[in-house]
Amino acid sequence: MHEDDEFEPDYGPFEDELPKNDAMYIRASTKRYNKGRKCPTCAGIFTNVSRHVLRTHLPWYVAAQTACWQCKIQFAQNSVLDAHIAECHQSDIKNTKLECDTLQDLCNLADKICVYPKHSEPIFQEKDLKLVSIFNATNEYVFEFGSKNIIVQPPYSIPFLLHWRILASLIQQTEMGENIISVEKIKSLRPVLEVKETLHLTDSHFHLDMLSKKIGTISLPHFFWTWSNKDYQISHLISNYCYPRNWPSSDLRSKIRQDSRIKLTFGIHPRIVEMENTSKLNEWISDLEWLLKANRVVAVGECGLDNSGRKWDVEKQIKFFEKQIVIAVKRDLPLVIHCRGDERTDEICLNTLVRLLPKHFKLHRHCFNGDEMIYRKWKTSFPNCKFGISPFILNDQKYPKYRSLVCNMKLKDIVLETDAPYLHSEFEDFGSPLMIKDICEKLANIFLCSVEEIANITTKNATDVYSII
């Protein structure tokens with residue numbers, strides 16, 4: 001293997017690798033097959049398929065009438081939505097009703113409370129008419145515009161309620177409108193600096209050595225975005241160095257540490273073990289023990305076993321996997337586990353760990369793509385094991401059963417990872433840590449919770465397993 005060779009892991013779907021998709025494993029599914037219907041997307045059996053599809057497979061805003069627009073969550077039932085609003089948002093909406101039973105009543109109220117002269121302002125100008133036209137087409141409302149500039153006042157026609165002046169005058173009659181006005185007035189009289197809460201996320205597995213070859217630098221941008229009036233940023237990035245020929249020199253490690261977000265892991269990938277001779281591997285094992293003493297090293301790995309449908313030297317892989325396990329115990333560092341192949345490979349990997357590690361040792365099962373049975377086996381053997389949810393979750397066509405697996409996992413067991421630059425969307429040439437944003441939003445949709453909750457829980461999981469302060 002030459003120094004310039006780029007190692008490309010194979011993440012294609014393998015037979016028996018994807019989880020079994022029985023209806024009993026899918027949240028909200030039913031075992032009463034005679035009364036259930038099959039979901040066209042995940043193949044689960046449900047008594048109400050439409051509710052399941054709205055909650056699980058479609059964006060929250062598809063059915064606007066049963067969604068919470070503030071939390072951006074789809075409930076698929078009016079009663080459940082009402083209960084959510086009563087519990088979470090009642091204080092936001094009390095005393096805001098205008099006591100209008102019909103849209104015509106609202107027109108009359110708008111006419112009554114407007115403070116500007118009738119038949120003068122406001123008017124619909126040509127550029128404003130698109131919204132009214134859409135309203136008319138959507139509601140099959142017939143109204144002919146006689147001129148380009150149409151007088152809105154009095155609002156004798158329902159579409160005229162859409163004019164911003166009409167809406168503003170109505171909002172001002174509510175308690176909410178008064179609060180907005182008073183807050184703005186306070187700001188103008190006594191300006192204050194608004195401090196937004198920033199929520200933190202962690203990319204618990206990526207490869208800076210390979211990503212830097214793609215972007216031409218080890219300097220990473222500031223991964224930052226806003227969602228639902230909250231700021232999010234990736235505050236921790238766990239860079240795995242598992243190709244010994246790419247292990248950074250002392251000078252390069254010093255440059256990497258200038259970015260406080262980046263933490264390091266060192267190990268020997270099982271496919272590297274397969275390719276190299278024993279003498280060279282033993283040399284790297286000695287180097288590994290020395291590297292793990294460097295600053296900001298948080299784990300050993302990724303290391304493990306990799307069959308992936310190929311012929312493999314299982315004894316050789318186990319031998320050097322065991323050497324790295326022993327080093328991790330000696331250094332009291334968690335292990336990043338790469339386990340890829342058939343059920344036998346998984347069984348050998350887990351048995352090796354059970355034989356050499358205490359039960360409460362910390363593990364990160366990188367890029368987990370097993371089934372629910374494997375998930376439970378690992379959690380039983382190692383309660384502190386965390387499972388990496390990767391961009392697999394964003395590709396339902398290639399990994400159709402992955403969603404049902406994640407549905408049956410507990411959030412407290414999940415960490416987010418991109419495996420950048422290897423895993424990427426069909427629209428990109430390589431992956432980026434910024435894909436954490438899409439993974440986080442997808443999990444919020446699956447678990448029917450807020451993006452904020454996903455960010456907080458998965459970041460705590462990652463900082464716990466890697467002992468990041």
# chains A, B, ... in the order shown; residues from 1 in each chain; ligands from 1
$ select_by_dssp --residues "range 330-408 of chain A" --states "alpha helix (DSSP H)" --output "PyMOL selection string"
chain A and resi 330-331+343-356+372-381+402-407
$ write_last_selection --atoms "C-alpha atoms" --output "JSON list (two decimals), in the first residue's frame"
[["chain", "number", "residue", "atom", "x", "y", "z"],
["A", 330, "LYS", "CA", -4.51, 0.61, 29.44],
["A", 331, "ARG", "CA", -5.06, 4.24, 28.41],
["A", 343, "GLU", "CA", -24.04, -11.78, 11.45],
["A", 344, "ARG", "CA", -21.05, -14.01, 12.17],
["A", 345, "THR", "CA", -18.70, -11.02, 11.88],
["A", 346, "ASP", "CA", -20.84, -9.09, 14.35],
["A", 347, "GLU", "CA", -20.92, -12.03, 16.74],
["A", 348, "ILE", "CA", -17.12, -12.46, 16.66],
["A", 349, "CYS", "CA", -16.62, -8.72, 17.17],
["A", 350, "LEU", "CA", -18.95, -8.55, 20.17],
["A", 351, "ASN", "CA", -17.56, -11.72, 21.76],
["A", 352, "THR", "CA", -14.01, -10.36, 21.43],
["A", 353, "LEU", "CA", -15.02, -7.18, 23.24],
["A", 354, "VAL", "CA", -16.93, -9.04, 25.96],
["A", 355, "ARG", "CA", -13.89, -11.24, 26.59],
["A", 356, "LEU", "CA", -11.48, -8.32, 27.01],
["A", 372, "GLU", "CA", -32.93, -4.38, 16.42],
["A", 373, "MET", "CA", -31.69, -7.73, 17.74],
["A", 374, "ILE", "CA", -28.04, -6.72, 17.25],
["A", 375, "TYR", "CA", -28.76, -3.34, 18.84],
["A", 376, "ARG", "CA", -30.19, -5.00, 21.96],
["A", 377, "LYS", "CA", -27.34, -7.52, 22.18],
["A", 378, "TRP", "CA", -24.75, -4.76, 22.22],
["A", 379, "LYS", "CA", -26.72, -2.68, 24.75],
["A", 380, "THR", "CA", -27.07, -5.70, 27.04],
["A", 381, "SER", "CA", -23.34, -6.47, 26.84],
["A", 402, "TYR", "CA", -32.95, 1.99, 8.20],
["A", 403, "ARG", "CA", -35.77, 4.26, 9.39],
["A", 404, "SER", "CA", -37.63, 1.38, 11.07],
["A", 405, "LEU", "CA", -34.41, 0.42, 12.89],
["A", 406, "VAL", "CA", -33.90, 3.97, 14.19],
["A", 407, "CYS", "CA", -37.57, 4.16, 15.25]]
$ residues_around --residues "Cys367 in chain A" --least-positions-apart "4" --cutoff "12 Å" --atoms "only C-alpha atoms" --output "mmCIF file with all heavy atoms, in the first residue's frame"
data_model
loop_
_atom_site.group_PDB
_atom_site.id
_atom_site.type_symbol
_atom_site.label_atom_id
_atom_site.label_comp_id
_atom_site.auth_asym_id
_atom_site.auth_seq_id
_atom_site.Cartn_x
_atom_site.Cartn_y
_atom_site.Cartn_z
ATOM 1 N N PRO A 9 -13.667 3.149 1.985
ATOM 2 C CA PRO A 9 -14.476 2.081 2.564
ATOM 3 C C PRO A 9 -15.727 1.833 1.735
ATOM 4 O O PRO A 9 -16.268 2.754 1.134
ATOM 5 C CB PRO A 9 -14.845 2.623 3.952
ATOM 6 C CG PRO A 9 -14.764 4.093 3.815
ATOM 7 C CD PRO A 9 -13.681 4.366 2.807
ATOM 8 N N TYR A 11 -19.479 1.242 1.578
ATOM 9 C CA TYR A 11 -20.666 1.390 2.401
ATOM 10 C C TYR A 11 -21.924 0.999 1.643
ATOM 11 O O TYR A 11 -23.006 1.414 1.993
ATOM 12 C CB TYR A 11 -20.796 2.827 2.916
ATOM 13 C CG TYR A 11 -19.833 3.148 4.002
ATOM 14 C CD1 TYR A 11 -18.831 4.087 3.816
ATOM 15 C CD2 TYR A 11 -19.908 2.490 5.223
ATOM 16 C CE1 TYR A 11 -17.940 4.375 4.825
ATOM 17 C CE2 TYR A 11 -19.016 2.772 6.231
ATOM 18 C CZ TYR A 11 -18.037 3.720 6.025
ATOM 19 O OH TYR A 11 -17.156 4.006 7.035
ATOM 20 N N ASP A 203 -20.441 16.299 15.604
ATOM 21 C CA ASP A 203 -20.202 15.280 14.580
ATOM 22 C C ASP A 203 -19.232 14.292 15.209
ATOM 23 O O ASP A 203 -18.039 14.570 15.344
ATOM 24 C CB ASP A 203 -19.608 15.896 13.317
ATOM 25 C CG ASP A 203 -19.432 14.881 12.192
ATOM 26 O OD1 ASP A 203 -19.631 13.672 12.454
ATOM 27 O OD2 ASP A 203 -19.098 15.276 11.066
ATOM 28 N N SER A 204 -19.754 13.148 15.611
ATOM 29 C CA SER A 204 -18.960 12.225 16.415
ATOM 30 C C SER A 204 -18.047 11.322 15.581
ATOM 31 O O SER A 204 -17.324 10.491 16.147
ATOM 32 C CB SER A 204 -19.885 11.350 17.277
ATOM 33 O OG SER A 204 -20.727 10.570 16.454
ATOM 34 N N HIS A 205 -18.053 11.488 14.248
ATOM 35 C CA HIS A 205 -17.152 10.664 13.439
ATOM 36 C C HIS A 205 -17.001 11.260 12.046
ATOM 37 O O HIS A 205 -17.941 11.275 11.248
ATOM 38 C CB HIS A 205 -17.696 9.236 13.329
ATOM 39 C CG HIS A 205 -16.711 8.257 12.767
ATOM 40 N ND1 HIS A 205 -16.057 7.333 13.529
ATOM 41 C CD2 HIS A 205 -16.273 8.065 11.494
ATOM 42 C CE1 HIS A 205 -15.258 6.601 12.771
ATOM 43 N NE2 HIS A 205 -15.381 7.035 11.523
ATOM 44 N N PHE A 206 -15.803 11.759 11.754
ATOM 45 C CA PHE A 206 -15.463 12.161 10.391
ATOM 46 C C PHE A 206 -13.955 11.973 10.229
ATOM 47 O O PHE A 206 -13.258 11.599 11.179
ATOM 48 C CB PHE A 206 -15.911 13.598 10.106
ATOM 49 C CG PHE A 206 -14.942 14.672 10.539
ATOM 50 C CD1 PHE A 206 -14.312 15.480 9.605
ATOM 51 C CD2 PHE A 206 -14.667 14.885 11.891
ATOM 52 C CE1 PHE A 206 -13.427 16.476 10.002
ATOM 53 C CE2 PHE A 206 -13.792 15.883 12.296
ATOM 54 C CZ PHE A 206 -13.169 16.679 11.352
ATOM 55 N N GLU A 302 -10.862 4.316 14.442
ATOM 56 C CA GLU A 302 -11.777 3.201 14.462
ATOM 57 C C GLU A 302 -11.020 1.890 14.210
ATOM 58 O O GLU A 302 -10.090 1.850 13.415
ATOM 59 C CB GLU A 302 -12.890 3.362 13.422
ATOM 60 C CG GLU A 302 -12.404 3.422 11.962
ATOM 61 C CD GLU A 302 -13.500 3.698 10.968
ATOM 62 O OE1 GLU A 302 -14.224 2.740 10.592
ATOM 63 O OE2 GLU A 302 -13.617 4.879 10.583
ATOM 64 N N VAL A 336 -13.733 3.208 19.315
ATOM 65 C CA VAL A 336 -14.602 3.444 18.164
ATOM 66 C C VAL A 336 -14.611 2.158 17.346
ATOM 67 O O VAL A 336 -13.574 1.756 16.807
ATOM 68 C CB VAL A 336 -14.107 4.625 17.305
ATOM 69 C CG1 VAL A 336 -15.084 4.889 16.163
ATOM 70 C CG2 VAL A 336 -13.922 5.864 18.157
ATOM 71 N N ILE A 337 -15.758 1.506 17.275
ATOM 72 C CA ILE A 337 -15.846 0.168 16.697
ATOM 73 C C ILE A 337 -16.344 0.222 15.255
ATOM 74 O O ILE A 337 -17.413 0.759 14.962
ATOM 75 C CB ILE A 337 -16.788 -0.735 17.521
ATOM 76 C CG1 ILE A 337 -16.321 -0.803 18.975
ATOM 77 C CG2 ILE A 337 -16.867 -2.129 16.905
ATOM 78 C CD1 ILE A 337 -14.930 -1.359 19.153
ATOM 79 N N HIS A 338 -15.539 -0.373 14.368
ATOM 80 C CA HIS A 338 -15.957 -0.612 12.979
ATOM 81 C C HIS A 338 -16.275 -2.097 12.867
ATOM 82 O O HIS A 338 -15.392 -2.942 13.028
ATOM 83 C CB HIS A 338 -14.824 -0.238 12.015
ATOM 84 C CG HIS A 338 -15.115 -0.570 10.576
ATOM 85 N ND1 HIS A 338 -15.410 0.391 9.640
ATOM 86 C CD2 HIS A 338 -15.151 -1.757 9.918
ATOM 87 C CE1 HIS A 338 -15.620 -0.185 8.466
ATOM 88 N NE2 HIS A 338 -15.464 -1.502 8.608
ATOM 89 N N CYS A 339 -17.535 -2.416 12.625
ATOM 90 C CA CYS A 339 -17.950 -3.816 12.488
ATOM 91 C C CYS A 339 -18.828 -3.925 11.248
ATOM 92 O O CYS A 339 -19.967 -3.481 11.244
ATOM 93 C CB CYS A 339 -18.701 -4.286 13.729
ATOM 94 S SG CYS A 339 -19.157 -6.021 13.667
ATOM 95 N N ARG A 340 -18.285 -4.512 10.195
ATOM 96 C CA ARG A 340 -18.983 -4.549 8.916
ATOM 97 C C ARG A 340 -18.905 -5.955 8.338
ATOM 98 O O ARG A 340 -17.826 -6.532 8.246
ATOM 99 C CB ARG A 340 -18.334 -3.550 7.941
ATOM 100 C CG ARG A 340 -19.087 -3.338 6.673
ATOM 101 C CD ARG A 340 -20.361 -2.581 6.908
ATOM 102 N NE ARG A 340 -20.115 -1.262 7.453
ATOM 103 C CZ ARG A 340 -20.972 -0.583 8.187
ATOM 104 N NH1 ARG A 340 -22.141 -1.104 8.477
ATOM 105 N NH2 ARG A 340 -20.678 0.617 8.634
ATOM 106 N N LYS A 386 -22.760 3.656 22.557
ATOM 107 C CA LYS A 386 -23.540 4.593 21.750
ATOM 108 C C LYS A 386 -23.462 4.185 20.287
ATOM 109 O O LYS A 386 -22.444 3.652 19.830
ATOM 110 C CB LYS A 386 -23.040 6.033 21.916
ATOM 111 C CG LYS A 386 -22.975 6.515 23.354
ATOM 112 C CD LYS A 386 -24.330 6.499 24.027
ATOM 113 C CE LYS A 386 -24.237 6.997 25.474
ATOM 114 N NZ LYS A 386 -25.512 6.860 26.189
ATOM 115 N N PHE A 387 -24.535 4.460 19.545
ATOM 116 C CA PHE A 387 -24.641 3.996 18.174
ATOM 117 C C PHE A 387 -24.686 5.196 17.225
ATOM 118 O O PHE A 387 -25.537 6.078 17.377
ATOM 119 C CB PHE A 387 -25.891 3.137 18.001
ATOM 120 C CG PHE A 387 -25.872 1.883 18.838
ATOM 121 C CD1 PHE A 387 -26.212 1.929 20.187
ATOM 122 C CD2 PHE A 387 -25.499 0.669 18.292
ATOM 123 C CE1 PHE A 387 -26.190 0.785 20.978
ATOM 124 C CE2 PHE A 387 -25.473 -0.481 19.064
ATOM 125 C CZ PHE A 387 -25.807 -0.426 20.411
ATOM 126 N N GLY A 388 -23.768 5.214 16.268
ATOM 127 C CA GLY A 388 -23.685 6.334 15.340
ATOM 128 C C GLY A 388 -24.737 6.259 14.254
ATOM 129 O O GLY A 388 -24.803 5.285 13.499
ATOM 130 N N ILE A 389 -25.590 7.297 14.177
ATOM 131 C CA ILE A 389 -26.569 7.420 13.098
ATOM 132 C C ILE A 389 -25.969 8.338 12.043
ATOM 133 O O ILE A 389 -25.670 9.500 12.305
ATOM 134 C CB ILE A 389 -27.909 7.967 13.617
ATOM 135 C CG1 ILE A 389 -28.460 7.041 14.697
ATOM 136 C CG2 ILE A 389 -28.896 8.116 12.470
ATOM 137 C CD1 ILE A 389 -28.660 5.598 14.260
ATOM 138 N N SER A 390 -25.815 7.794 10.867
ATOM 139 C CA SER A 390 -25.064 8.446 9.793
ATOM 140 C C SER A 390 -26.009 8.958 8.702
ATOM 141 O O SER A 390 -27.231 8.830 8.814
ATOM 142 C CB SER A 390 -24.089 7.436 9.192
ATOM 143 O OG SER A 390 -24.814 6.440 8.470
ATOM 144 N N PRO A 391 -25.461 9.527 7.619
ATOM 145 C CA PRO A 391 -26.319 9.948 6.497
ATOM 146 C C PRO A 391 -27.085 8.823 5.832
ATOM 147 O O PRO A 391 -27.891 9.097 4.923
ATOM 148 C CB PRO A 391 -25.305 10.588 5.527
ATOM 149 C CG PRO A 391 -24.221 11.112 6.401
ATOM 150 C CD PRO A 391 -24.097 10.076 7.482
ATOM 151 N N PHE A 392 -26.889 7.562 6.248
ATOM 152 C CA PHE A 392 -27.780 6.491 5.779
ATOM 153 C C PHE A 392 -29.249 6.889 5.967
ATOM 154 O O PHE A 392 -30.108 6.566 5.157
ATOM 155 C CB PHE A 392 -27.541 5.200 6.571
ATOM 156 C CG PHE A 392 -26.244 4.492 6.244
ATOM 157 C CD1 PHE A 392 -25.715 3.567 7.128
ATOM 158 C CD2 PHE A 392 -25.566 4.742 5.072
ATOM 159 C CE1 PHE A 392 -24.537 2.901 6.844
ATOM 160 C CE2 PHE A 392 -24.379 4.085 4.776
ATOM 161 C CZ PHE A 392 -23.868 3.159 5.664
ATOM 162 N N ILE A 393 -29.527 7.588 7.072
ATOM 163 C CA ILE A 393 -30.912 7.923 7.424
ATOM 164 C C ILE A 393 -31.524 8.890 6.421
ATOM 165 O O ILE A 393 -32.742 9.039 6.349
ATOM 166 C CB ILE A 393 -30.970 8.526 8.854
ATOM 167 C CG1 ILE A 393 -32.404 8.534 9.374
ATOM 168 C CG2 ILE A 393 -30.372 9.927 8.876
ATOM 169 C CD1 ILE A 393 -32.992 7.179 9.595
ATOM 170 N N TYR A 402 -33.740 1.322 7.164
ATOM 171 C CA TYR A 402 -32.949 1.994 8.203
ATOM 172 C C TYR A 402 -33.841 2.798 9.146
ATOM 173 O O TYR A 402 -33.616 2.861 10.351
ATOM 174 C CB TYR A 402 -31.910 2.890 7.545
ATOM 175 C CG TYR A 402 -30.787 3.322 8.453
ATOM 176 C CD1 TYR A 402 -30.023 2.392 9.143
ATOM 177 C CD2 TYR A 402 -30.477 4.673 8.616
ATOM 178 C CE1 TYR A 402 -28.984 2.788 9.967
ATOM 179 C CE2 TYR A 402 -29.435 5.078 9.430
ATOM 180 C CZ TYR A 402 -28.695 4.126 10.100
ATOM 181 O OH TYR A 402 -27.671 4.528 10.920
ATOM 182 N N ILE A 414 -28.049 7.277 21.005
ATOM 183 C CA ILE A 414 -27.703 7.729 19.653
ATOM 184 C C ILE A 414 -26.717 8.889 19.681
ATOM 185 O O ILE A 414 -26.857 9.825 20.461
ATOM 186 C CB ILE A 414 -28.978 8.143 18.892
ATOM 187 C CG1 ILE A 414 -29.812 6.903 18.537
ATOM 188 C CG2 ILE A 414 -28.650 8.940 17.638
ATOM 189 C CD1 ILE A 414 -31.146 7.226 17.897
ATOM 190 N N VAL A 415 -25.709 8.805 18.809
ATOM 191 C CA VAL A 415 -24.862 9.958 18.506
ATOM 192 C C VAL A 415 -24.941 10.203 17.000
ATOM 193 O O VAL A 415 -25.227 9.286 16.223
ATOM 194 C CB VAL A 415 -23.389 9.742 18.936
ATOM 195 C CG1 VAL A 415 -23.271 9.706 20.446
ATOM 196 C CG2 VAL A 415 -22.801 8.467 18.321
ATOM 197 N N LEU A 416 -24.707 11.443 16.594
ATOM 198 C CA LEU A 416 -24.782 11.806 15.179
ATOM 199 C C LEU A 416 -23.387 11.767 14.568
ATOM 200 O O LEU A 416 -22.417 12.184 15.195
ATOM 201 C CB LEU A 416 -25.375 13.207 15.014
ATOM 202 C CG LEU A 416 -26.686 13.505 15.754
ATOM 203 C CD1 LEU A 416 -27.178 14.899 15.389
ATOM 204 C CD2 LEU A 416 -27.741 12.463 15.447
ATOM 205 N N GLU A 417 -23.298 11.304 13.344
ATOM 206 C CA GLU A 417 -22.003 11.276 12.654
ATOM 207 C C GLU A 417 -22.216 11.408 11.158
ATOM 208 O O GLU A 417 -23.261 11.022 10.617
ATOM 209 C CB GLU A 417 -21.246 9.996 12.970
ATOM 210 C CG GLU A 417 -21.957 8.716 12.566
ATOM 211 C CD GLU A 417 -21.093 7.485 12.778
ATOM 212 O OE1 GLU A 417 -20.968 7.002 13.918
ATOM 213 O OE2 GLU A 417 -20.539 7.010 11.759
ATOM 214 N N THR A 418 -21.222 11.969 10.480
ATOM 215 C CA THR A 418 -21.314 12.138 9.024
ATOM 216 C C THR A 418 -20.382 11.214 8.260
ATOM 217 O O THR A 418 -20.613 10.940 7.085
ATOM 218 C CB THR A 418 -20.982 13.585 8.612
ATOM 219 O OG1 THR A 418 -19.618 13.881 8.965
ATOM 220 C CG2 THR A 418 -21.914 14.577 9.300
ATOM 221 N N ASP A 419 -19.302 10.747 8.896
ATOM 222 C CA ASP A 419 -18.263 9.949 8.230
ATOM 223 C C ASP A 419 -17.713 10.689 7.015
ATOM 224 O O ASP A 419 -17.265 10.066 6.041
ATOM 225 C CB ASP A 419 -18.802 8.579 7.822
ATOM 226 C CG ASP A 419 -17.698 7.535 7.718
ATOM 227 O OD1 ASP A 419 -16.630 7.755 8.316
ATOM 228 O OD2 ASP A 419 -17.891 6.515 7.041
ATOM 229 N N ALA A 420 -17.770 12.030 7.061
ATOM 230 C CA ALA A 420 -17.253 12.832 5.950
ATOM 231 C C ALA A 420 -15.759 12.539 5.756
ATOM 232 O O ALA A 420 -15.034 12.331 6.718
ATOM 233 C CB ALA A 420 -17.462 14.326 6.259
ATOM 234 N N TYR A 422 -16.708 10.508 3.181
ATOM 235 C CA TYR A 422 -17.131 9.308 2.456
ATOM 236 C C TYR A 422 -18.623 9.283 2.131
ATOM 237 O O TYR A 422 -19.022 8.980 1.012
ATOM 238 C CB TYR A 422 -16.750 8.058 3.247
ATOM 239 C CG TYR A 422 -15.256 7.878 3.364
ATOM 240 C CD1 TYR A 422 -14.621 7.929 4.597
ATOM 241 C CD2 TYR A 422 -14.475 7.694 2.227
ATOM 242 C CE1 TYR A 422 -13.253 7.781 4.695
ATOM 243 C CE2 TYR A 422 -13.105 7.549 2.319
ATOM 244 C CZ TYR A 422 -12.493 7.591 3.560
ATOM 245 O OH TYR A 422 -11.139 7.449 3.653
ATOM 246 N N LEU A 423 -19.461 9.566 3.116
ATOM 247 C CA LEU A 423 -20.901 9.519 2.883
ATOM 248 C C LEU A 423 -21.386 10.896 2.441
ATOM 249 O O LEU A 423 -21.106 11.896 3.097
ATOM 250 C CB LEU A 423 -21.628 9.072 4.147
ATOM 251 C CG LEU A 423 -21.250 7.682 4.667
ATOM 252 C CD1 LEU A 423 -22.064 7.332 5.898
ATOM 253 C CD2 LEU A 423 -21.426 6.625 3.594
#
$ atom_distance --atom1 "CA of Gln77 in chain A" --atom2 "CA of Asp413 in chain A"
29.3 Å
$ closest_residue --among "A:Lys437, A:Lys401, A:Arg271, A:His364" --to "Asn461 in chain A" --atoms "only C-alpha atoms"
A:His364
$ atom_distance --atom1 "CA of Trp247 in chain A" --atom2 "CA of Asp313 in chain A"
24.4 Å
$ closest_residue --among "A:Ile45, A:Ala328, A:Leu291, A:Val451" --to "Thr226 in chain A" --atoms "only C-alpha atoms"
A:Val451
$ residues_around --residues "Leu252 in chain A" --least-positions-apart "3" --cutoff "12 Å" --atoms "only C-alpha atoms" --output "PyMOL selection string"
chain A and resi 208-209+217-219+246-249+255-259
$ write_last_selection --atoms "N, CA and C atoms" --output "PDB file, in the first residue's frame"
ATOM      1  N   LEU A 208     -10.737  13.955   9.040  1.00  0.00           N
ATOM      2  CA  LEU A 208     -10.129  15.216   8.623  1.00  0.00           C
ATOM      3  C   LEU A 208      -9.019  14.985   7.606  1.00  0.00           C
ATOM      4  N   ASP A 209      -8.275  13.869   7.750  1.00  0.00           N
ATOM      5  CA  ASP A 209      -7.183  13.614   6.806  1.00  0.00           C
ATOM      6  C   ASP A 209      -7.713  13.496   5.374  1.00  0.00           C
ATOM      7  N   THR A 217      -7.369  22.028   2.565  1.00  0.00           N
ATOM      8  CA  THR A 217      -6.898  22.664   3.799  1.00  0.00           C
ATOM      9  C   THR A 217      -7.444  21.901   4.998  1.00  0.00           C
ATOM     10  N   ILE A 218      -6.731  22.017   6.133  1.00  0.00           N
ATOM     11  CA  ILE A 218      -7.236  21.417   7.367  1.00  0.00           C
ATOM     12  C   ILE A 218      -8.128  22.394   8.125  1.00  0.00           C
ATOM     13  N   SER A 219      -8.233  23.619   7.626  1.00  0.00           N
ATOM     14  CA  SER A 219      -9.061  24.631   8.284  1.00  0.00           C
ATOM     15  C   SER A 219     -10.521  24.425   7.893  1.00  0.00           C
ATOM     16  N   ASN A 246      -1.524   8.078   7.228  1.00  0.00           N
ATOM     17  CA  ASN A 246      -2.037   9.452   7.291  1.00  0.00           C
ATOM     18  C   ASN A 246      -1.949  10.047   8.697  1.00  0.00           C
ATOM     19  N   TRP A 247      -1.416   9.301   9.662  1.00  0.00           N
ATOM     20  CA  TRP A 247      -1.319   9.858  11.013  1.00  0.00           C
ATOM     21  C   TRP A 247      -0.521  11.164  10.979  1.00  0.00           C
ATOM     22  N   PRO A 248      -1.045  12.228  11.575  1.00  0.00           N
ATOM     23  CA  PRO A 248      -0.397  13.546  11.463  1.00  0.00           C
ATOM     24  C   PRO A 248       0.876  13.638  12.296  1.00  0.00           C
ATOM     25  N   SER A 249       1.809  14.397  11.784  1.00  0.00           N
ATOM     26  CA  SER A 249       3.052  14.656  12.507  1.00  0.00           C
ATOM     27  C   SER A 249       2.778  15.559  13.711  1.00  0.00           C
ATOM     28  N   LYS A 255      -1.180  22.267  14.553  1.00  0.00           N
ATOM     29  CA  LYS A 255      -2.040  23.121  13.717  1.00  0.00           C
ATOM     30  C   LYS A 255      -3.505  22.710  13.856  1.00  0.00           C
ATOM     31  N   ILE A 256      -3.737  21.405  13.898  1.00  0.00           N
ATOM     32  CA  ILE A 256      -5.112  20.921  14.042  1.00  0.00           C
ATOM     33  C   ILE A 256      -5.711  21.382  15.357  1.00  0.00           C
ATOM     34  N   ARG A 257      -4.916  21.362  16.413  1.00  0.00           N
ATOM     35  CA  ARG A 257      -5.421  21.744  17.743  1.00  0.00           C
ATOM     36  C   ARG A 257      -5.726  23.232  17.860  1.00  0.00           C
ATOM     37  N   GLN A 258      -5.361  24.022  16.852  1.00  0.00           N
ATOM     38  CA  GLN A 258      -5.735  25.443  16.877  1.00  0.00           C
ATOM     39  C   GLN A 258      -7.248  25.601  16.737  1.00  0.00           C
ATOM     40  N   ASP A 259      -7.898  24.606  16.190  1.00  0.00           N
ATOM     41  CA  ASP A 259      -9.361  24.582  16.121  1.00  0.00           C
ATOM     42  C   ASP A 259      -9.858  23.816  17.341  1.00  0.00           C
TER      43      ASP A 259
END
$ atom_distance --atom1 "CA of Thr66 in chain A" --atom2 "CA of Leu54 in chain A"
9.6 Å
